[in-house]
Amino acid sequence: MKTLSVLAALTLTPFALACPVKQGYVANGLFKNTAGAKPICGPLYQTFRFSMAGVKWTEMYEVKAGRVGQLRTSDFLALIRRGRYRLVKQSKTVRSQVYLFERGSHSITVVVGVSGGAQYIGLAGQ
């Protein structure tokens, strides 16, 4: 039984510790989470984090498309622009959108996509 508990703890710990969101903030604490964005911390976040290897921080949030009063992708993009980051690159495909913002030597990559029925926004920064 003790072995099973240790195995369960080792298996679940990476997911429990893998949500580095600072309470009340987004983008590694750069901006207040005024929109009430809900973090995603499970396997989808893990996949995003590994795909963004080499960046200093990653975060992921759930977004709702087209619902009044719900967080939208445009809310995140506006938040980053208000922080004096400028859009330097943008690409869109059928399933995703990628935006690169820069301010001096700092950068924020924004990835918007759909996985199953969930729409998400991933943030990664240097």
# chains A, B, ... in the order shown; residues from 1 in each chain; ligands from 1
call {"tool": "residues_around", "arguments": {"residues": "A:Thr109", "least_positions_apart": "2", "cutoff": "7 Å", "atoms": "only C-alpha atoms", "output": "VMD selection string"}}
result
chain A and resid 99 to 101 107 111 123 to 125
call {"tool": "write_last_selection", "arguments": {"atoms": "N, CA and C atoms", "output": "compact mmCIF listing (two decimals), in the first residue's frame"}}
result
# COMPACT_ATOMS: atom_id res chain seq x y z
N TYR A 99 0.90 34.48 -32.30
CA TYR A 99 1.28 35.89 -32.27
C TYR A 99 2.59 36.01 -31.49
N LEU A 100 3.50 36.84 -32.00
CA LEU A 100 4.75 37.12 -31.28
C LEU A 100 4.79 38.60 -30.96
N PHE A 101 4.90 38.91 -29.68
CA PHE A 101 4.99 40.29 -29.20
C PHE A 101 6.38 40.51 -28.62
N SER A 107 10.03 38.95 -24.87
CA SER A 107 9.05 38.52 -25.87
C SER A 107 7.98 37.66 -25.21
N VAL A 111 -0.25 31.48 -28.36
CA VAL A 111 -0.75 30.43 -29.24
C VAL A 111 -2.21 30.19 -28.89
N LEU A 123 0.55 30.93 -23.40
CA LEU A 123 1.48 32.06 -23.35
C LEU A 123 2.85 31.52 -23.00
N ALA A 124 3.87 32.03 -23.67
CA ALA A 124 5.25 31.64 -23.38
C ALA A 124 6.12 32.87 -23.49
N GLY A 125 7.07 33.00 -22.59
CA GLY A 125 7.87 34.22 -22.61
C GLY A 125 9.32 34.04 -22.29
call {"tool": "closest_residue", "arguments": {"among": "A:Leu87, A:Val63, A:Ala37, A:Ile80", "to": "A:Val114", "atoms": "only C-alpha atoms"}}
result
A:Val63
call {"tool": "closest_residue", "arguments": {"among": "A:Gly29, A:Ala118, A:Gly36, A:Ser105", "to": "A:Thr58", "atoms": "only C-alpha atoms"}}
result
A:Gly29
call {"tool": "residues_around", "arguments": {"residues": "A:Arg86", "least_positions_apart": "2", "cutoff": "10 Å", "atoms": "only C-alpha atoms", "output": "number ranges by chain"}}
result
A: 80-84, 88-89, 100-104, 107-108
call {"tool": "write_last_selection", "arguments": {"atoms": "C-alpha atoms", "output": "compact mmCIF listing (two decimals), in the first residue's frame"}}
result
# COMPACT_ATOMS: atom_id res chain seq x y z
CA ILE A 80 -0.37 42.45 -23.89
CA ARG A 81 -0.60 45.52 -26.14
CA ARG A 82 -1.49 47.71 -23.15
CA GLY A 83 1.75 46.49 -21.57
CA ARG A 84 3.61 48.23 -24.43
CA VAL A 88 5.99 41.65 -34.61
CA LYS A 89 4.75 38.41 -36.17
CA LEU A 100 4.75 37.12 -31.28
CA PHE A 101 4.99 40.29 -29.20
CA GLU A 102 8.20 42.08 -28.21
CA ARG A 103 9.19 44.87 -25.86
CA GLY A 104 12.92 45.51 -25.75
CA SER A 107 9.05 38.52 -25.87
CA ILE A 108 5.69 36.85 -25.40
call {"tool": "select_by_dssp", "arguments": {"residues": "stretch 23-98 of chain A", "states": "strand (DSSP E or B)", "output": "VMD selection string"}}
result
chain A and resid 25 to 26 31 to 32 38 to 39 57 to 63 86 to 92 96 to 98
call {"tool": "atom_distance", "arguments": {"atom1": "atom CA of A:Val112", "atom2": "atom CA of A:Leu77"}}
result
10.6 Å
call {"tool": "decode", "arguments": {"residues": "stretch 37-65 of chain A", "atoms": "N, CA and C atoms", "output": "compact mmCIF listing (two decimals), in the first residue's frame"}}
result
# COMPACT_ATOMS: atom_id res chain seq x y z
N ALA A 37 -9.32 34.84 -16.10
CA ALA A 37 -8.93 33.70 -16.92
C ALA A 37 -8.70 32.46 -16.06
N LYS A 38 -9.21 31.33 -16.53
CA LYS A 38 -9.09 30.06 -15.81
C LYS A 38 -7.90 29.28 -16.37
N PRO A 39 -6.87 29.00 -15.52
CA PRO A 39 -5.70 28.26 -16.01
C PRO A 39 -6.03 26.82 -16.38
N ILE A 40 -5.30 26.31 -17.35
CA ILE A 40 -5.34 24.90 -17.73
C ILE A 40 -4.02 24.31 -17.27
N CYS A 41 -4.07 23.22 -16.50
CA CYS A 41 -2.85 22.69 -15.90
C CYS A 41 -2.60 21.21 -16.19
N GLY A 42 -3.39 20.58 -16.99
CA GLY A 42 -3.27 19.14 -17.22
C GLY A 42 -2.42 18.76 -18.40
N PRO A 43 -2.74 17.65 -19.05
CA PRO A 43 -1.94 17.13 -20.16
C PRO A 43 -1.80 18.11 -21.34
N LEU A 44 -2.84 18.88 -21.63
CA LEU A 44 -2.76 19.85 -22.72
C LEU A 44 -1.69 20.89 -22.42
N TYR A 45 -1.66 21.37 -21.18
CA TYR A 45 -0.62 22.32 -20.78
C TYR A 45 0.76 21.68 -20.87
N GLN A 46 0.90 20.43 -20.42
CA GLN A 46 2.19 19.74 -20.47
C GLN A 46 2.70 19.66 -21.91
N THR A 47 1.82 19.33 -22.84
CA THR A 47 2.20 19.25 -24.25
C THR A 47 2.69 20.60 -24.75
N PHE A 48 1.96 21.66 -24.41
CA PHE A 48 2.36 23.01 -24.81
C PHE A 48 3.72 23.37 -24.21
N ARG A 49 3.89 23.09 -22.94
CA ARG A 49 5.14 23.42 -22.25
C ARG A 49 6.33 22.74 -22.92
N PHE A 50 6.18 21.45 -23.24
CA PHE A 50 7.27 20.73 -23.89
C PHE A 50 7.52 21.25 -25.31
N SER A 51 6.47 21.67 -26.00
CA SER A 51 6.64 22.19 -27.36
C SER A 51 7.33 23.55 -27.36
N MET A 52 7.31 24.25 -26.24
CA MET A 52 7.93 25.57 -26.14
C MET A 52 9.25 25.49 -25.37
N ALA A 53 9.94 24.38 -25.49
CA ALA A 53 11.21 24.19 -24.77
C ALA A 53 12.15 25.36 -25.05
N GLY A 54 12.82 25.81 -24.02
CA GLY A 54 13.78 26.90 -24.17
C GLY A 54 13.28 28.25 -23.71
N VAL A 55 11.97 28.38 -23.49
CA VAL A 55 11.45 29.65 -22.98
C VAL A 55 11.53 29.64 -21.46
N LYS A 56 11.45 30.81 -20.86
CA LYS A 56 11.57 30.92 -19.41
C LYS A 56 10.30 30.51 -18.68
N TRP A 57 9.14 30.78 -19.28
CA TRP A 57 7.89 30.46 -18.59
C TRP A 57 6.80 30.15 -19.62
N THR A 58 5.83 29.34 -19.19
CA THR A 58 4.66 29.02 -20.02
C THR A 58 3.42 29.00 -19.13
N GLU A 59 2.30 29.37 -19.71
CA GLU A 59 1.00 29.32 -19.03
C GLU A 59 -0.05 28.99 -20.08
N MET A 60 -1.17 28.47 -19.63
CA MET A 60 -2.27 28.17 -20.55
C MET A 60 -3.59 28.47 -19.87
N TYR A 61 -4.53 29.02 -20.66
CA TYR A 61 -5.84 29.41 -20.14
C TYR A 61 -6.94 28.94 -21.08
N GLU A 62 -8.09 28.70 -20.50
CA GLU A 62 -9.29 28.35 -21.26
C GLU A 62 -9.94 29.64 -21.74
N VAL A 63 -10.36 29.66 -22.99
CA VAL A 63 -11.09 30.82 -23.51
C VAL A 63 -12.40 30.35 -24.12
N LYS A 64 -13.37 31.24 -24.13
CA LYS A 64 -14.68 30.94 -24.69
C LYS A 64 -14.88 31.83 -25.91
N ALA A 65 -15.28 31.25 -26.99
CA ALA A 65 -15.49 32.02 -28.21
C ALA A 65 -16.94 32.48 -28.29
